[in-house]
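A.B. asks: Let me begin by handing over the structure; questions about it come next.
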2 protein chains.
Amino acid sequence: MSKIASLTEEEKKLLAGLHTRKQYKKKSVIDQQGSISKAVYYLNNGILSMEYQHGSKVFVRDFIFRDSPALVYPSFYLEEPSRYSIKAITDCDVWELTKENFEIGKKKIPNLGIIAFKITNLFHQNIERRFESMITKSAEDRYLELVENHPKIIQSISLKMIASYLGITDVALSRIRSRLSKKVAKNY
Amino acid sequence: MSKIASLTEEEKKLLAGLHTRKQYKKKSVIDQQGSISKAVYYLNNGILSMEYQHGSKVFVRDFIFRDSPALVYPSFYLEEPSRYSIKAITDCDVWELTKENFEIGKKKIPNLGIIAFKITNLFHQNIERRFESMITKSAEDRYLELVENHPKIIQSISLKMIASYLGITDVALSRIRSRLSKKVAKNY
DNA sequence: CTTTTATCTTAACCTAAGTTAAGAATTATA
DNA sequence: TATAATTCTTAACTTAGGTTAAGATAAAAG
């Protein structure tokens, strides 16, 4: 967090003390859609997913990779039912900051409100970008964009989840992959 | 704004005094993509659009109808280049609150920060919903949803802009319309 | 009032992606 | 270890939507 706004050494220690370190096994549900988000998370290691259920189907809204914050926004701030769940795709190692400790921290660390505001902005920009690429780009381009930003994604996340993230079916993604590998083969 | 958080009569007057009433002719650009948003707007009358340019094409990100706030988020708060423009689709009558006056207001009206935060949350929820319906619904369903929420939209907004909002071409929307009118005809 | 421009519809053709299904390969589990 | 359950690929078929183009109507602009 100290990357986002400057904190004194003392404040860093205080903030760290307000966090709880937790381990989650693969497939565990950390925050449940429909209930009030219990904490903000900072992911030390592993991969998280933000998912929402719509009818009988589950959609991947986003992936969260190591060294990033995970926030169920605005549920965490407003204490209202959340639109999505947070799940562990792999075994995960996270720092949790509960709502109570966040409020305690805000009183003691003036910059914490600003940090929260900036994280919120990051989340907003993230979905804006995602929405924009959904409208302006083809599924193939969206896939290439994702793989470029996160090359290791193929090893650790199932094709079905990646397809869901991209807004297409697993069959369609498999087709895109084989089309791409044929394109690459042509260049030799 | 007083619908969103309670303000005293005195505060309401003060806040109103910080606003400037302006008239915009149809097609005028109120806030330009790439530059820093100059104000928050409250739309008294008319229809605004949020648009972004991507390459040579223009996409409608959202419509703003009367009695609603319009915010270029997060450009207005962070004073960074905005991702989209705000334009007047029809002649518009708006209240403007500049960044300077917003800062003045925040010092004098304790609840104004909270109002700003809530408006921000509304904007976030808006794009979340839009993203979700983009992924989970067909263009036809998205169109029906839009018309249901804003029946007068057909009279005041061109088919091309509505299509852009839905993420499809004008030809595709025209096709959807004729398909729907045939469906209705069948029921008689 | 006339010409130009924008708006909307319709048709023909094409491609991307959904659906269903079947088979191979990998991973879980009894 | 054997069986069951996922995961991934491929194929066949269908449908929604993109592209191009042409014609009709309506709105701007001269």
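Letters A, B, ... go to the chains of the structure tokens in the order shown; residues in each chain start at 1; ligands are counted from 1 in the same order.
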Could you list the residues in chain B lying within 12 Å of chain D, using only C-alpha atoms (C1' of nucleotides), and format the result as a short mmCIF file (atom, residue, chain, number, x, y, z; two decimals) with N, CA, C and O atoms, in the first residue's frame?
C.D. replies:
data_model
loop_
_atom_site.label_atom_id
_atom_site.label_comp_id
_atom_site.auth_asym_id
_atom_site.auth_seq_id
_atom_site.Cartn_x
_atom_site.Cartn_y
_atom_site.Cartn_z
N SER B 138 -28.23 -10.81 -24.66
CA SER B 138 -28.14 -10.59 -26.11
C SER B 138 -28.42 -9.13 -26.42
O SER B 138 -28.99 -8.40 -25.59
N ALA B 139 -28.05 -8.70 -27.63
CA ALA B 139 -28.28 -7.32 -28.03
C ALA B 139 -29.77 -6.99 -27.98
O ALA B 139 -30.16 -5.90 -27.57
N GLU B 140 -30.60 -7.96 -28.39
CA GLU B 140 -32.04 -7.74 -28.38
C GLU B 140 -32.54 -7.49 -26.95
O GLU B 140 -33.33 -6.57 -26.72
N ALA B 163 -27.59 2.18 -31.07
CA ALA B 163 -26.83 0.99 -31.47
C ALA B 163 -25.43 1.02 -30.87
O ALA B 163 -24.96 0.01 -30.33
N GLY B 167 -23.54 -1.53 -28.27
CA GLY B 167 -22.35 -2.27 -28.71
C GLY B 167 -22.55 -3.00 -30.03
O GLY B 167 -21.86 -3.97 -30.31
N ILE B 168 -23.50 -2.54 -30.84
CA ILE B 168 -23.75 -3.15 -32.14
C ILE B 168 -23.81 -2.06 -33.22
O ILE B 168 -23.77 -0.88 -32.91
N THR B 169 -23.94 -2.48 -34.49
CA THR B 169 -24.02 -1.49 -35.57
C THR B 169 -25.47 -1.03 -35.75
O THR B 169 -26.41 -1.69 -35.29
N ASP B 170 -25.62 0.09 -36.44
CA ASP B 170 -26.96 0.60 -36.71
C ASP B 170 -27.78 -0.39 -37.55
O ASP B 170 -28.98 -0.55 -37.34
N VAL B 171 -27.11 -1.07 -38.47
CA VAL B 171 -27.79 -2.07 -39.30
C VAL B 171 -28.35 -3.20 -38.44
O VAL B 171 -29.50 -3.62 -38.62
N ALA B 172 -27.55 -3.65 -37.49
CA ALA B 172 -27.99 -4.75 -36.62
C ALA B 172 -29.19 -4.32 -35.77
O ALA B 172 -30.14 -5.09 -35.59
N LEU B 173 -29.17 -3.07 -35.29
CA LEU B 173 -30.29 -2.61 -34.46
C LEU B 173 -31.57 -2.49 -35.29
O LEU B 173 -32.65 -2.85 -34.84
N SER B 174 -31.43 -2.00 -36.52
CA SER B 174 -32.58 -1.90 -37.41
C SER B 174 -33.20 -3.29 -37.63
O SER B 174 -34.41 -3.45 -37.63
N ARG B 175 -32.33 -4.27 -37.78
CA ARG B 175 -32.76 -5.66 -37.96
C ARG B 175 -33.50 -6.14 -36.72
O ARG B 175 -34.57 -6.76 -36.82
N ILE B 176 -32.96 -5.85 -35.56
CA ILE B 176 -33.59 -6.26 -34.30
C ILE B 176 -34.98 -5.64 -34.20
O ILE B 176 -35.95 -6.31 -33.84
#
A.B. asks: Quick one: DSSP alpha helix (DSSP H) residues in chain B, as a ChimeraX atom specification?
C.D. replies: /B:9-18,75-78,99-108,111-136,139-149,153-156,159-166,170-186
A.B. asks: What are the closest atom pairs, with distances in Å to one decimal, for each residue of chain C lying within 9 Å of chain A, using only C-alpha atoms (C1' of nucleotides), rows by chain and rising residue number, as a tab-separated table?
C.D. replies:
residue	atom	partner	partner_atom	distance
C:DA16	C1'	A:Ala172	CA	8.8
C:DA17	C1'	A:Ala172	CA	6.3
C:DG18	C1'	A:Thr169	CA	7.7
A.B. asks: Just write the chosen residues, all heavy atoms, as a compact mmCIF listing (two decimals), in the first residue's frame.
C.D. replies:
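In the end it all went to out.txt:
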# COMPACT_ATOMS: atom_id res chain seq x y z
P DA C 16 -13.86 -14.74 -38.47
OP1 DA C 16 -12.57 -14.03 -38.39
OP2 DA C 16 -13.94 -16.18 -38.80
O5' DA C 16 -14.61 -14.52 -37.09
C5' DA C 16 -15.14 -13.23 -36.76
C4' DA C 16 -16.03 -13.39 -35.56
O4' DA C 16 -17.28 -14.01 -35.96
C3' DA C 16 -15.48 -14.27 -34.45
O3' DA C 16 -15.81 -13.67 -33.21
C2' DA C 16 -16.16 -15.62 -34.66
C1' DA C 16 -17.50 -15.21 -35.25
N9 DA C 16 -18.08 -16.15 -36.21
C8 DA C 16 -17.44 -16.85 -37.19
N7 DA C 16 -18.22 -17.60 -37.92
C5 DA C 16 -19.48 -17.38 -37.39
C6 DA C 16 -20.77 -17.89 -37.71
N6 DA C 16 -20.98 -18.75 -38.70
N1 DA C 16 -21.81 -17.47 -36.97
C2 DA C 16 -21.59 -16.60 -35.98
N3 DA C 16 -20.44 -16.05 -35.57
C4 DA C 16 -19.41 -16.49 -36.34
P DA C 17 -15.30 -14.28 -31.87
OP1 DA C 17 -15.06 -13.13 -30.97
OP2 DA C 17 -14.23 -15.25 -32.15
O5' DA C 17 -16.57 -15.08 -31.33
C5' DA C 17 -17.79 -14.39 -31.15
C4' DA C 17 -18.90 -15.39 -30.95
O4' DA C 17 -19.15 -16.12 -32.17
C3' DA C 17 -18.61 -16.46 -29.87
O3' DA C 17 -19.71 -16.51 -28.99
C2' DA C 17 -18.46 -17.74 -30.69
C1' DA C 17 -19.43 -17.45 -31.82
N9 DA C 17 -19.26 -18.28 -33.01
C8 DA C 17 -18.09 -18.59 -33.66
N7 DA C 17 -18.26 -19.39 -34.70
C5 DA C 17 -19.63 -19.60 -34.73
C6 DA C 17 -20.45 -20.36 -35.59
N6 DA C 17 -19.99 -21.06 -36.63
N1 DA C 17 -21.78 -20.37 -35.33
C2 DA C 17 -22.24 -19.67 -34.30
N3 DA C 17 -21.57 -18.92 -33.42
C4 DA C 17 -20.26 -18.93 -33.70
P DG C 18 -19.80 -17.38 -27.70
OP1 DG C 18 -20.01 -16.43 -26.59
OP2 DG C 18 -18.67 -18.33 -27.69
O5' DG C 18 -21.16 -18.19 -27.91
C5' DG C 18 -22.38 -17.46 -28.03
C4' DG C 18 -23.52 -18.43 -28.32
O4' DG C 18 -23.32 -19.03 -29.63
C3' DG C 18 -23.61 -19.61 -27.34
O3' DG C 18 -24.99 -19.88 -27.04
C2' DG C 18 -22.98 -20.77 -28.09
C1' DG C 18 -23.29 -20.43 -29.54
N9 DG C 18 -22.25 -20.90 -30.46
C8 DG C 18 -20.92 -20.52 -30.48
N7 DG C 18 -20.24 -21.10 -31.43
C5 DG C 18 -21.16 -21.91 -32.07
C6 DG C 18 -21.00 -22.79 -33.17
O6 DG C 18 -19.98 -23.03 -33.83
N1 DG C 18 -22.19 -23.43 -33.50
C2 DG C 18 -23.39 -23.24 -32.85
N2 DG C 18 -24.43 -23.94 -33.30
N3 DG C 18 -23.55 -22.43 -31.82
C4 DG C 18 -22.40 -21.79 -31.49
A.B. asks: Please report as CSV every residue of chain B lying within 7 Å of chain A, along with the nearest atom pair and their distance in Å (one decimal), using only C-alpha atoms.
C.D. replies:
residue,atom,partner,partner_atom,distance
B:Pro74,CA,A:Asn121,CA,6.6
B:Asn121,CA,A:Pro74,CA,6.6
B:His124,CA,A:His124,CA,6.5
B:Phe131,CA,A:Phe131,CA,5.9
B:Ile135,CA,A:Gly167,CA,5.6
B:Gly167,CA,A:Ile135,CA,5.7
A.B. asks: Near Tyr24 of chain B, counting only C-alpha atoms (C1' of nucleotides), which residues have an atom at most 12 Å away, once you skip same-chain residues fewer than 2 positions from it, shown as a ChimeraX atom specification?
C.D. replies: /B:21-22,26-31,43-48,86-96
A.B. asks: So which residues of chain B fall under strand (DSSP E or B) by DSSP, listed as a ChimeraX atom specification?
C.D. replies: /B:20-24,29-31,39-45,48-54,57-64,68-70,85-88,92-98
A.B. asks: Write out as a short mmCIF file (atom, residue, chain, number, x, y, z; two decimals) with all heavy atoms, in the first residue's frame the residues lying within 12 Å of Ser6 of chain A, counting only C-alpha atoms (C1' of nucleotides) and excluding same-chain residues fewer than 6 positions away.
C.D. replies:
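Output contents, as saved in around.cif:
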data_model
loop_
_atom_site.label_atom_id
_atom_site.label_comp_id
_atom_site.auth_asym_id
_atom_site.auth_seq_id
_atom_site.Cartn_x
_atom_site.Cartn_y
_atom_site.Cartn_z
N LYS A 12 3.26 2.46 8.78
CA LYS A 12 3.34 1.16 8.11
C LYS A 12 3.20 0.02 9.10
O LYS A 12 2.47 -0.94 8.86
CB LYS A 12 4.67 1.03 7.35
CG LYS A 12 4.70 1.76 6.03
CD LYS A 12 6.04 1.53 5.32
CE LYS A 12 6.28 2.60 4.27
NZ LYS A 12 7.64 2.52 3.69
N ILE A 109 -4.30 6.97 10.84
CA ILE A 109 -3.42 7.23 9.69
C ILE A 109 -4.15 8.13 8.69
O ILE A 109 -5.03 7.68 7.97
CB ILE A 109 -3.02 5.90 9.00
CG1 ILE A 109 -2.41 4.94 10.02
CG2 ILE A 109 -2.06 6.15 7.84
CD1 ILE A 109 -2.26 3.51 9.53
N PRO A 110 -3.79 9.41 8.67
CA PRO A 110 -4.52 10.37 7.82
C PRO A 110 -4.55 9.95 6.35
O PRO A 110 -5.56 10.14 5.68
CB PRO A 110 -3.72 11.67 8.00
CG PRO A 110 -2.95 11.49 9.26
CD PRO A 110 -2.69 10.04 9.41
N ASN A 111 -3.45 9.38 5.86
CA ASN A 111 -3.38 9.05 4.44
C ASN A 111 -4.19 7.82 4.03
O ASN A 111 -4.33 7.54 2.84
CB ASN A 111 -1.91 8.83 4.03
CG ASN A 111 -1.26 10.12 3.57
OD1 ASN A 111 -1.95 11.12 3.39
ND2 ASN A 111 0.05 10.09 3.39
N LEU A 112 -4.70 7.07 5.01
CA LEU A 112 -5.37 5.81 4.67
C LEU A 112 -6.64 6.04 3.85
O LEU A 112 -6.95 5.28 2.93
CB LEU A 112 -5.69 5.01 5.94
CG LEU A 112 -6.11 3.56 5.71
CD1 LEU A 112 -5.04 2.79 4.94
CD2 LEU A 112 -6.38 2.86 7.03
N ILE A 114 -7.06 8.40 1.74
CA ILE A 114 -6.60 8.72 0.39
C ILE A 114 -6.19 7.44 -0.35
O ILE A 114 -6.52 7.26 -1.53
CB ILE A 114 -5.42 9.72 0.45
CG1 ILE A 114 -5.92 11.06 1.04
CG2 ILE A 114 -4.81 9.94 -0.92
CD1 ILE A 114 -4.81 12.00 1.45
N ILE A 115 -5.52 6.54 0.37
CA ILE A 115 -5.14 5.26 -0.23
C ILE A 115 -6.38 4.50 -0.67
O ILE A 115 -6.45 3.99 -1.79
CB ILE A 115 -4.30 4.41 0.76
CG1 ILE A 115 -2.94 5.07 1.00
CG2 ILE A 115 -4.13 2.99 0.23
CD1 ILE A 115 -2.08 4.35 2.01
#
A.B. asks: Distance atom CA of Lys137 of chain A-atom C1' of DA6 of chain C, one decimal place?
C.D. replies: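 Interatomic distance, atom CA of Lys137 of chain A to atom C1' of DA6 of chain C: 27.2 Å.
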